[in-house]
>>> print(open('query_35.cif').read())   # mmCIF, C-alpha atoms
data_protein
loop_
_atom_site.group_PDB
_atom_site.id
_atom_site.type_symbol
_atom_site.label_atom_id
_atom_site.label_comp_id
_atom_site.auth_asym_id
_atom_site.auth_seq_id
_atom_site.Cartn_x
_atom_site.Cartn_y
_atom_site.Cartn_z
ATOM 1 C CA MET D 1 12.143 -8.131 30.255
ATOM 2 C CA ASN D 2 15.737 -6.960 30.848
ATOM 3 C CA PHE D 3 16.571 -7.865 27.251
ATOM 4 C CA LEU D 4 13.638 -5.813 25.914
ATOM 5 C CA THR D 5 14.467 -2.846 28.133
ATOM 6 C CA LYS D 6 18.119 -2.958 27.120
ATOM 7 C CA HIS D 7 17.173 -2.868 23.446
ATOM 8 C CA SER D 8 14.204 -0.512 23.794
ATOM 9 C CA LYS D 9 15.622 2.095 21.426
ATOM 10 C CA ALA D 10 16.294 -0.481 18.719
ATOM 11 C CA ILE D 11 12.811 -1.938 19.148
ATOM 12 C CA TYR D 12 11.165 1.432 18.550
ATOM 13 C CA TYR D 13 13.533 2.540 15.797
ATOM 14 C CA ILE D 14 12.769 -0.662 13.889
ATOM 15 C CA TYR D 15 9.108 0.348 14.071
ATOM 16 C CA GLY D 16 9.916 3.723 12.560
ATOM 17 C CA ILE D 17 11.954 2.062 9.831
ATOM 18 C CA LEU D 18 9.062 -0.272 8.969
ATOM 19 C CA ILE D 19 6.684 2.674 8.623
ATOM 20 C CA ALA D 20 9.236 4.607 6.542
ATOM 21 C CA VAL D 21 9.703 1.570 4.285
ATOM 22 C CA MET D 22 5.927 1.376 3.838
ATOM 23 C CA ILE D 23 5.777 5.020 2.744
ATOM 24 C CA PHE D 24 8.788 4.724 0.439
ATOM 25 C CA ALA D 25 7.483 1.505 -1.114
ATOM 26 C CA GLY D 26 4.152 3.240 -1.680
ATOM 27 C CA LEU D 27 5.870 5.531 -4.174
ATOM 28 C CA PHE D 28 6.319 2.486 -6.429
ATOM 29 C CA TYR D 29 3.056 0.692 -5.651
ATOM 30 C CA ALA D 30 1.476 1.280 -9.064
ATOM 31 C CA SER D 31 4.661 1.069 -11.154
ATOM 32 C CA GLN D 32 4.100 -2.453 -12.435
ATOM 33 C CA TYR D 33 0.550 -1.575 -13.539
ATOM 34 C CA CYS D 34 1.139 1.935 -14.914
ATOM 35 C CA ASP D 35 0.111 0.910 -18.452
ATOM 36 C CA VAL D 36 -3.063 -0.858 -17.356
ATOM 37 C CA ARG D 37 -5.009 2.245 -18.240
ATOM 38 C CA VAL D 38 -7.269 3.958 -20.680
ATOM 39 C CA LEU D 39 -7.266 7.594 -21.647
ATOM 40 C CA TYR D 40 -10.601 9.208 -20.905
ATOM 41 C CA SER D 41 -12.458 12.484 -20.815
ATOM 42 C CA LEU D 42 -15.220 13.644 -18.517
ATOM 43 C CA SER D 43 -18.538 14.736 -19.951
ATOM 44 C CA GLY D 44 -20.710 15.940 -17.121
ATOM 45 C CA ASP D 45 -21.044 13.004 -14.734
ATOM 46 C CA SER D 46 -20.089 10.425 -17.348
ATOM 47 C CA VAL D 47 -16.697 9.096 -18.420
ATOM 48 C CA GLU D 48 -15.992 8.878 -22.150
ATOM 49 C CA ILE D 49 -13.396 6.374 -23.357
ATOM 50 C CA LEU D 50 -12.931 6.656 -27.103
ATOM 51 C CA PRO D 51 -10.279 5.349 -29.536
ATOM 52 C CA GLY D 52 -9.209 8.892 -30.354
ATOM 53 C CA THR D 53 -9.004 10.144 -26.784
ATOM 54 C CA ALA D 54 -5.422 11.400 -26.477
ATOM 55 C CA ASP D 55 -3.133 12.898 -23.843
ATOM 56 C CA ASN D 56 -0.560 15.699 -24.037
ATOM 57 C CA LEU D 57 2.010 13.300 -25.494
ATOM 58 C CA ASN D 58 -0.407 12.430 -28.293
ATOM 59 C CA ARG D 59 -0.898 8.892 -26.987
ATOM 60 C CA SER D 60 -4.369 7.493 -27.546
ATOM 61 C CA ASN D 61 -6.511 4.390 -27.065
ATOM 62 C CA ARG D 62 -6.347 3.652 -30.784
ATOM 63 C CA TYR D 63 -4.225 0.510 -30.763
ATOM 64 C CA VAL D 64 -6.026 -1.317 -27.981
ATOM 65 C CA PHE D 65 -9.414 -0.610 -29.627
ATOM 66 C CA GLU D 66 -8.139 -1.713 -33.040
ATOM 67 C CA TYR D 67 -6.522 -4.874 -31.657
ATOM 68 C CA PHE D 68 -9.775 -6.019 -30.061
ATOM 69 C CA ALA D 69 -11.838 -4.950 -33.104
ATOM 70 C CA ALA D 70 -9.651 -7.100 -35.373
ATOM 71 C CA GLY D 71 -10.756 -10.152 -33.395
ATOM 72 C CA ASN D 72 -7.220 -10.973 -32.313
ATOM 73 C CA LEU D 73 -8.475 -12.065 -28.908
ATOM 74 C CA SER D 74 -11.711 -13.749 -29.966
ATOM 75 C CA SER D 75 -10.147 -17.212 -29.658
ATOM 76 C CA LEU D 76 -9.482 -16.434 -25.998
ATOM 77 C CA GLY D 77 -13.113 -15.590 -25.355
ATOM 78 C CA PHE D 78 -12.829 -11.820 -25.571
ATOM 79 C CA SER D 79 -15.367 -9.672 -27.375
ATOM 80 C CA SER D 80 -14.194 -7.757 -30.439
ATOM 81 C CA ASN D 81 -15.622 -4.590 -28.907
ATOM 82 C CA PHE D 82 -13.224 -3.031 -26.398
ATOM 83 C CA ASP D 83 -16.100 -0.910 -25.093
ATOM 84 C CA ASP D 84 -17.103 -4.047 -23.187
ATOM 85 C CA TYR D 85 -13.885 -3.815 -21.163
ATOM 86 C CA SER D 86 -12.825 -0.176 -21.170
ATOM 87 C CA HIS D 87 -14.670 0.709 -17.978
ATOM 88 C CA ILE D 88 -13.277 -2.353 -16.199
ATOM 89 C CA VAL D 89 -9.796 -1.009 -16.957
ATOM 90 C CA TYR D 90 -10.848 2.517 -15.969
ATOM 91 C CA ASP D 91 -12.285 1.338 -12.642
ATOM 92 C CA PHE D 92 -9.081 -0.576 -11.911
ATOM 93 C CA GLN D 93 -6.785 2.360 -12.613
ATOM 94 C CA ILE D 94 -8.905 4.633 -10.418
ATOM 95 C CA LEU D 95 -8.989 2.054 -7.613
ATOM 96 C CA LEU D 96 -5.238 1.470 -7.911
ATOM 97 C CA SER D 97 -4.562 5.212 -7.725
ATOM 98 C CA HIS D 98 -6.853 5.532 -4.711
ATOM 99 C CA VAL D 99 -5.088 2.739 -2.824
ATOM 100 C CA ASN D 100 -1.701 4.188 -3.771
ATOM 101 C CA ASP D 101 -2.687 7.594 -2.357
ATOM 102 C CA LEU D 102 -4.061 5.891 0.746
ATOM 103 C CA ILE D 103 -0.741 4.140 1.407
ATOM 104 C CA ILE D 104 1.115 7.458 1.342
ATOM 105 C CA ILE D 105 -1.442 9.385 3.407
ATOM 106 C CA LEU D 106 -2.015 6.741 6.089
ATOM 107 C CA GLY D 107 1.703 5.989 6.089
ATOM 108 C CA LEU D 108 2.430 9.624 6.948
ATOM 109 C CA VAL D 109 -0.202 9.534 9.709
ATOM 110 C CA SER D 110 1.480 6.383 11.035
ATOM 111 C CA LEU D 111 4.827 8.185 10.981
ATOM 112 C CA ILE D 112 3.299 10.961 13.092
ATOM 113 C CA CYS D 113 2.116 8.312 15.559
ATOM 114 C CA PHE D 114 5.652 6.937 15.710
ATOM 115 C CA ALA D 115 6.959 10.460 16.358
ATOM 116 C CA GLY D 116 4.451 10.665 19.221
ATOM 117 C CA LEU D 117 6.051 7.600 20.803
ATOM 118 C CA LEU D 118 9.433 9.313 20.638
ATOM 119 C CA VAL D 119 8.008 12.480 22.181
ATOM 120 C CA LEU D 120 6.714 10.375 25.096
ATOM 121 C CA SER D 121 10.209 8.868 25.342
ATOM 122 C CA ASN D 122 8.829 5.345 25.185
ATOM 123 C CA HIS D 123 12.008 4.335 23.417
ATOM 124 C CA SER D 124 14.338 5.593 26.150
ATOM 125 C CA ARG D 125 12.433 5.841 29.446
ATOM 126 C CA ARG D 126 13.471 3.125 31.884
ATOM 127 C CA ILE D 127 10.341 3.449 34.001
ATOM 128 C CA TYR D 128 6.958 3.699 32.301
ATOM 129 C CA TYR D 129 4.298 6.045 33.645
ATOM 130 C CA LYS D 130 0.634 6.285 32.664
ATOM 131 C CA SER D 131 1.462 8.567 29.732
ATOM 132 C CA ASN D 132 3.860 5.942 28.413
ATOM 133 C CA LEU D 133 1.278 3.206 28.863
ATOM 134 C CA VAL D 134 -1.565 5.128 27.247
ATOM 135 C CA GLY D 135 0.542 6.490 24.395
ATOM 136 C CA GLY D 136 2.364 3.187 24.001
ATOM 137 C CA ALA D 137 -0.955 1.410 23.539
ATOM 138 C CA ILE D 138 -3.068 3.929 21.634
ATOM 139 C CA LEU D 139 -0.511 5.148 19.069
ATOM 140 C CA PRO D 140 0.497 1.660 17.824
ATOM 141 C CA LEU D 141 -3.206 0.722 17.870
ATOM 142 C CA ILE D 142 -3.937 3.622 15.519
ATOM 143 C CA VAL D 143 -1.125 2.458 13.235
ATOM 144 C CA ALA D 144 -2.476 -1.104 13.331
ATOM 145 C CA ILE D 145 -5.997 0.045 12.424
ATOM 146 C CA LEU D 146 -4.728 2.239 9.571
ATOM 147 C CA THR D 147 -2.600 -0.620 8.260
ATOM 148 C CA ILE D 148 -5.551 -3.018 8.419
ATOM 149 C CA ILE D 149 -7.442 -0.531 6.235
ATOM 150 C CA LEU D 150 -4.519 -0.609 3.783
ATOM 151 C CA LEU D 151 -4.427 -4.396 3.886
ATOM 152 C CA VAL D 152 -8.134 -4.673 3.068
ATOM 153 C CA ASN D 153 -7.845 -2.174 0.211
ATOM 154 C CA ASN D 154 -4.771 -3.921 -1.156
ATOM 155 C CA LEU D 155 -6.618 -7.256 -1.125
ATOM 156 C CA SER D 156 -9.517 -5.584 -2.937
ATOM 157 C CA VAL D 157 -7.403 -4.221 -5.807
ATOM 158 C CA MET D 158 -5.473 -7.519 -5.921
ATOM 159 C CA GLY D 159 -8.767 -9.380 -6.320
ATOM 160 C CA VAL D 160 -9.821 -7.151 -9.226
ATOM 161 C CA PHE D 161 -6.448 -7.695 -10.892
ATOM 162 C CA ASN D 162 -6.578 -11.478 -10.525
ATOM 163 C CA GLU D 163 -10.112 -11.587 -11.937
ATOM 164 C CA ASN D 164 -8.953 -9.701 -15.043
ATOM 165 C CA TYR D 165 -5.371 -10.960 -15.319
ATOM 166 C CA ASP D 166 -5.354 -11.598 -19.085
ATOM 167 C CA LEU D 167 -7.323 -8.453 -19.940
ATOM 168 C CA PHE D 168 -5.052 -6.177 -17.923
ATOM 169 C CA ASN D 169 -1.881 -7.706 -19.347
ATOM 170 C CA PHE D 170 -3.099 -7.295 -22.928
ATOM 171 C CA VAL D 171 -4.093 -3.696 -22.202
ATOM 172 C CA SER D 172 -0.716 -3.015 -20.569
ATOM 173 C CA LEU D 173 1.109 -4.174 -23.700
ATOM 174 C CA LEU D 174 -1.213 -2.312 -26.067
ATOM 175 C CA GLN D 175 -1.126 0.922 -24.078
ATOM 176 C CA GLY D 176 2.568 0.969 -23.230
ATOM 177 C CA ASP D 177 5.521 2.595 -24.967
ATOM 178 C CA ASN D 178 5.756 -0.293 -27.474
ATOM 179 C CA GLN D 179 2.068 -0.256 -28.323
ATOM 180 C CA ILE D 180 2.596 0.054 -32.096
ATOM 181 C CA TYR D 181 4.980 -2.905 -32.205
ATOM 182 C CA ASN D 182 2.856 -4.991 -29.825
ATOM 183 C CA SER D 183 -0.321 -4.286 -31.792
ATOM 184 C CA GLN D 184 1.225 -6.108 -34.764
ATOM 185 C CA MET D 185 1.885 -9.281 -32.776
ATOM 186 C CA ALA D 186 -0.394 -12.301 -32.449
ATOM 187 C CA SER D 187 -2.116 -12.836 -29.110
ATOM 188 C CA SER D 188 -0.021 -15.962 -28.490
ATOM 189 C CA GLU D 189 3.121 -13.823 -28.759
ATOM 190 C CA LEU D 190 1.723 -11.150 -26.489
ATOM 191 C CA ILE D 191 0.935 -13.745 -23.822
ATOM 192 C CA ASN D 192 4.632 -14.631 -23.706
ATOM 193 C CA ASN D 193 5.388 -10.972 -23.005
ATOM 194 C CA PHE D 194 3.027 -10.575 -20.043
ATOM 195 C CA THR D 195 4.759 -8.572 -17.303
ATOM 196 C CA CYS D 196 1.973 -7.776 -14.846
ATOM 197 C CA ASN D 197 1.375 -10.138 -11.951
ATOM 198 C CA SER D 198 0.313 -10.111 -8.289
ATOM 199 C CA THR D 199 3.841 -9.880 -6.890
ATOM 200 C CA THR D 200 3.535 -6.228 -5.854
ATOM 201 C CA PHE D 201 0.226 -6.817 -4.092
ATOM 202 C CA ALA D 202 1.599 -9.902 -2.327
ATOM 203 C CA LEU D 203 4.712 -8.068 -1.121
ATOM 204 C CA PHE D 204 2.642 -5.200 0.239
ATOM 205 C CA MET D 205 0.332 -7.663 1.959
ATOM 206 C CA ILE D 206 3.354 -9.166 3.736
ATOM 207 C CA LEU D 207 4.637 -5.691 4.649
ATOM 208 C CA PHE D 208 1.242 -4.646 6.051
ATOM 209 C CA ILE D 209 0.981 -7.829 8.118
ATOM 210 C CA ILE D 210 4.457 -7.232 9.552
ATOM 211 C CA VAL D 211 3.559 -3.643 10.521
ATOM 212 C CA ILE D 212 0.288 -4.821 12.127
ATOM 213 C CA ALA D 213 2.057 -7.595 14.045
ATOM 214 C CA TYR D 214 4.807 -5.222 15.210
ATOM 215 C CA SER D 215 2.199 -2.693 16.345
ATOM 216 C CA ILE D 216 0.514 -5.367 18.466
ATOM 217 C CA PHE D 217 3.917 -6.338 19.865
ATOM 218 C CA LEU D 218 4.578 -2.715 20.909
ATOM 219 C CA ILE D 219 1.192 -2.520 22.636
ATOM 220 C CA ALA D 220 2.048 -5.653 24.598
ATOM 221 C CA TYR D 221 5.531 -4.281 25.297
ATOM 222 C CA ALA D 222 4.114 -1.077 26.778
ATOM 223 C CA CYS D 223 1.725 -3.014 29.024
ATOM 224 C CA ILE D 224 4.419 -5.453 30.193
ATOM 225 C CA LYS D 225 6.956 -2.716 30.881
ATOM 226 C CA TYR D 226 4.384 -0.646 32.781
ATOM 227 C CA LYS D 227 3.638 -3.599 35.064
ATOM 228 C CA ALA D 228 7.310 -4.555 35.382
ATOM 229 C CA THR D 229 8.265 -1.084 36.628
ATOM 230 C CA ALA D 230 5.316 -0.763 39.031
ATOM 231 C CA GLU D 231 7.395 -0.957 42.219
ATOM 232 C CA GLU D 232 10.031 1.540 41.059
ATOM 233 C CA ARG D 233 7.331 3.877 39.794
ATOM 234 C CA ALA D 234 5.445 3.721 43.103
ATOM 235 C CA GLU D 235 8.654 4.409 45.036
ATOM 236 C CA ILE D 236 9.495 7.442 42.889
ATOM 237 C CA LEU D 237 5.972 8.835 43.181
ATOM 238 C CA LYS D 238 6.070 8.268 46.947
ATOM 239 C CA LYS D 239 9.322 10.209 47.219
ATOM 240 C CA ALA D 240 7.916 12.980 45.060
ATOM 241 C CA VAL D 241 4.877 13.338 47.328
ATOM 242 C CA GLY D 242 7.149 13.331 50.404
ATOM 243 C CA ASN D 243 9.331 16.064 48.939
ATOM 244 C CA ASN D 244 6.304 18.214 48.213
ATOM 245 C CA ASP D 245 5.201 17.893 51.821
#
>>> encode(input="query_35.cif", output="structure tokens")
Amino acid sequence: MNFLTKHSKAIYYIYGILIAVMIFAGLFYASQYCDVRVLYSLSGDSVEILPGTADNLNRSNRYVFEYFAAGNLSSLGFSSNFDDYSHIVYDFQILLSHVNDLIIILGLVSLICFAGLLVLSNHSRRIYYKSNLVGGAILPLIVAILTIILLVNNLSVMGVFNENYDLFNFVSLLQGDNQIYNSQMASSELINNFTCNSTTFALFMILFIIVIAYSIFLIAYACIKYKATAEERAEILKKAVGNND
């Protein structure tokens, strides 16, 4: 316990660094999959994904539609009609964006929880009082719960990606900056140029697990330190009551 008390500040600052890393990493969460997308327009409650749908940079879905229509992927079991897959891609990009936003938002909430621990002086107080125990347990618990939510959502989007690995990689190449050049290549050549994989999701899963585990450690730390300083706390409170009398 003396070792933990001596390094209390470092223990809590590491927690803050982990949360900050999670937020910063969230800024790049979708980077690897940025071209796994379709351009779309909204018509009432429906989503329209057409070959000619274009953005402000005059990029469209033309090449991915034409590549599928030419039967270039038929030998791999894909339909020649990209309409069969466009909404799968759309759903993925919406889900990915949602999870990305969630990482930033819940990360910021977690950072506020960490700030709450500093306000309670859990990182520097030698003797823990009830406020330190309650805050030291509840605030990391909130962070753990929020991070579990992120972990579950990350596993969900990772599962969708793995189920559609080939589709998403072909779309990424046919919707990226080199879409014209890539659209002229055979599918066997495109496969060799696949760049999307589950690495990002796996790294975030590890990061989330570390944050959850560290949160649980801090809860245990608060409980242990509260019990370890029981005698000193009782003596101080006894003196305080005596002084008031």
>>> resolve_selection(input="query_35.cif", expression="the PyMOL selection byres ((chain D and resi 153) around 12)", output="PyMOL selection string")
chain D and resi 95-103+146-152+154-160+201+204-205+208
>>> write_last_selection(input="query_35.cif", atoms="C-alpha atoms", output="tab-separated table (two decimals), keeping the file's coordinate frame")
chain	number	residue	atom	x	y	z
D	95	LEU	CA	-8.99	2.05	-7.61
D	96	LEU	CA	-5.24	1.47	-7.91
D	97	SER	CA	-4.56	5.21	-7.72
D	98	HIS	CA	-6.85	5.53	-4.71
D	99	VAL	CA	-5.09	2.74	-2.82
D	100	ASN	CA	-1.70	4.19	-3.77
D	101	ASP	CA	-2.69	7.59	-2.36
D	102	LEU	CA	-4.06	5.89	0.75
D	103	ILE	CA	-0.74	4.14	1.41
D	146	LEU	CA	-4.73	2.24	9.57
D	147	THR	CA	-2.60	-0.62	8.26
D	148	ILE	CA	-5.55	-3.02	8.42
D	149	ILE	CA	-7.44	-0.53	6.24
D	150	LEU	CA	-4.52	-0.61	3.78
D	151	LEU	CA	-4.43	-4.40	3.89
D	152	VAL	CA	-8.13	-4.67	3.07
D	154	ASN	CA	-4.77	-3.92	-1.16
D	155	LEU	CA	-6.62	-7.26	-1.12
D	156	SER	CA	-9.52	-5.58	-2.94
D	157	VAL	CA	-7.40	-4.22	-5.81
D	158	MET	CA	-5.47	-7.52	-5.92
D	159	GLY	CA	-8.77	-9.38	-6.32
D	160	VAL	CA	-9.82	-7.15	-9.23
D	201	PHE	CA	0.23	-6.82	-4.09
D	204	PHE	CA	2.64	-5.20	0.24
D	205	MET	CA	0.33	-7.66	1.96
D	208	PHE	CA	1.24	-4.65	6.05
>>> closest_residue(input="query_35.cif", among="D:Gly44, D:Leu141, D:Phe68, D:Gly16", to="D:Ile212", atoms="only C-alpha atoms")
D:Leu141
>>> residues_around(input="query_35.cif", residues="stretch 8-15 of chain D", least_positions_apart="4", cutoff="8 Å", atoms="all atoms listed in the file", output="list in words")
Leu4, Ile19, Phe114, His123, Ser124, Val211, Tyr214 and Ser215 of chain D
>>> closest_atom_pairs(input="query_35.cif", of="stretch 44-121 of chain D", to="stretch 217-225 of chain D", cutoff="12 Å", atoms="all atoms listed in the file", output="JSON lines")
{"residue": "D:Phe114", "atom": "CA", "partner": "D:Leu218", "partner_atom": "CA", "distance": 11.0}
{"residue": "D:Leu117", "atom": "CA", "partner": "D:Leu218", "partner_atom": "CA", "distance": 10.4}
{"residue": "D:Leu120", "atom": "CA", "partner": "D:Ala222", "partner_atom": "CA", "distance": 11.9}
{"residue": "D:Ser121", "atom": "CA", "partner": "D:Ala222", "partner_atom": "CA", "distance": 11.8}
>>> atom_distance(input="query_35.cif", atom1="atom CA of D:Lys227", atom2="atom CA of D:Lys239")
19.3 Å
>>> resolve_selection(input="query_35.cif", expression="the PyMOL selection byres ((chain D and resi 80-89) around 10)", output="number ranges by chain")
D: 36-40, 47-51, 61, 64-74, 77-79, 90-95, 160-161, 164, 167-168, 171-172
>>> closest_residue(input="query_35.cif", among="D:Val119, D:Leu111, D:Ala54, D:Ile138", to="D:Val21", atoms="all atoms listed in the file")
D:Leu111
>>> closest_residue(input="query_35.cif", among="D:Phe170, D:Arg126, D:Ser188, D:Ala144", to="D:Ala230", atoms="only C-alpha atoms")
D:Arg126
>>> closest_residue(input="query_35.cif", among="D:Ile104, D:Asn58, D:Leu133, D:Gln175", to="D:Tyr29", atoms="only C-alpha atoms")
D:Ile104
>>> closest_residue(input="query_35.cif", among="D:Thr195, D:Ile216, D:Leu139, D:Asp35", to="D:Ser110", atoms="all atoms listed in the file")
D:Leu139
>>> closest_residue(input="query_35.cif", among="D:Ala228, D:Ile145, D:Leu173, D:Leu118", to="D:Gln32", atoms="all atoms listed in the file")
D:Leu173
>>> atom_distance(input="query_35.cif", atom1="atom CA of D:Thr200", atom2="atom CA of D:Ala25")
9.9 Å
>>> axis_aligned_box(input="query_35.cif", around="stretch 151-158 of chain D", padding_each_side="6 Å", output="AutoDock Vina command-line options")
--center_x -7.0 --center_y -4.8 --center_z -1.0 --size_x 17.1 --size_y 17.3 --size_z 21.8
>>> atom_distance(input="query_35.cif", atom1="atom CA of D:Asn193", atom2="atom CA of D:Tyr181")
12.2 Å
>>> decode(input="query_35.cif", residues="stretch 47-92 of chain D", atoms="C-alpha atoms", output="PDB file, in the first residue's frame")
ATOM      1  CA  VAL D  47     -31.981   6.989 -49.257  1.00  0.00           C
ATOM      2  CA  GLU D  48     -31.159   7.139 -52.966  1.00  0.00           C
ATOM      3  CA  ILE D  49     -27.807   5.771 -54.133  1.00  0.00           C
ATOM      4  CA  LEU D  50     -27.389   6.301 -57.857  1.00  0.00           C
ATOM      5  CA  PRO D  51     -24.388   6.102 -60.228  1.00  0.00           C
ATOM      6  CA  GLY D  52     -24.650   9.813 -60.953  1.00  0.00           C
ATOM      7  CA  THR D  53     -24.993  10.959 -57.358  1.00  0.00           C
ATOM      8  CA  ALA D  54     -22.112  13.411 -56.918  1.00  0.00           C
ATOM      9  CA  ASP D  55     -20.579  15.561 -54.190  1.00  0.00           C
ATOM     10  CA  ASN D  56     -19.185  19.106 -54.257  1.00  0.00           C
ATOM     11  CA  LEU D  57     -15.890  17.832 -55.673  1.00  0.00           C
ATOM     12  CA  ASN D  58     -17.766  16.226 -58.560  1.00  0.00           C
ATOM     13  CA  ARG D  59     -16.977  12.715 -57.329  1.00  0.00           C
ATOM     14  CA  SER D  60     -19.697  10.175 -58.019  1.00  0.00           C
ATOM     15  CA  ASN D  61     -20.586   6.498 -57.657  1.00  0.00           C
ATOM     16  CA  ARG D  62     -20.081   5.969 -61.381  1.00  0.00           C
ATOM     17  CA  TYR D  63     -16.971   3.801 -61.346  1.00  0.00           C
ATOM     18  CA  VAL D  64     -18.056   1.374 -58.653  1.00  0.00           C
ATOM     19  CA  PHE D  65     -21.432   0.858 -60.392  1.00  0.00           C
ATOM     20  CA  GLU D  66     -19.766   0.380 -63.781  1.00  0.00           C
ATOM     21  CA  TYR D  67     -17.151  -2.023 -62.400  1.00  0.00           C
ATOM     22  CA  PHE D  68     -19.808  -4.305 -60.926  1.00  0.00           C
ATOM     23  CA  ALA D  69     -22.047  -3.969 -64.014  1.00  0.00           C
ATOM     24  CA  ALA D  70     -19.180  -5.126 -66.249  1.00  0.00           C
ATOM     25  CA  GLY D  71     -19.156  -8.423 -64.358  1.00  0.00           C
ATOM     26  CA  ASN D  72     -15.587  -7.944 -63.180  1.00  0.00           C
ATOM     27  CA  LEU D  73     -16.442  -9.506 -59.834  1.00  0.00           C
ATOM     28  CA  SER D  74     -18.829 -12.212 -61.021  1.00  0.00           C
ATOM     29  CA  SER D  75     -16.129 -14.887 -60.721  1.00  0.00           C
ATOM     30  CA  LEU D  76     -15.873 -14.020 -57.030  1.00  0.00           C
ATOM     31  CA  GLY D  77     -19.578 -14.557 -56.487  1.00  0.00           C
ATOM     32  CA  PHE D  78     -20.668 -10.933 -56.631  1.00  0.00           C
ATOM     33  CA  SER D  79     -23.767  -9.795 -58.477  1.00  0.00           C
ATOM     34  CA  SER D  80     -23.293  -7.506 -61.471  1.00  0.00           C
ATOM     35  CA  ASN D  81     -25.802  -5.107 -59.931  1.00  0.00           C
ATOM     36  CA  PHE D  82     -24.186  -2.858 -57.323  1.00  0.00           C
ATOM     37  CA  ASP D  83     -27.662  -1.949 -56.074  1.00  0.00           C
ATOM     38  CA  ASP D  84     -27.511  -5.287 -54.253  1.00  0.00           C
ATOM     39  CA  TYR D  85     -24.640  -3.966 -52.125  1.00  0.00           C
ATOM     40  CA  SER D  86     -24.964  -0.191 -52.038  1.00  0.00           C
ATOM     41  CA  HIS D  87     -27.077  -0.115 -48.891  1.00  0.00           C
ATOM     42  CA  ILE D  88     -24.715  -2.517 -47.121  1.00  0.00           C
ATOM     43  CA  VAL D  89     -21.936   0.009 -47.747  1.00  0.00           C
ATOM     44  CA  TYR D  90     -24.211   2.892 -46.734  1.00  0.00           C
ATOM     45  CA  ASP D  91     -25.202   1.187 -43.474  1.00  0.00           C
ATOM     46  CA  PHE D  92     -21.542   0.536 -42.675  1.00  0.00           C
TER      47      PHE D  92
END
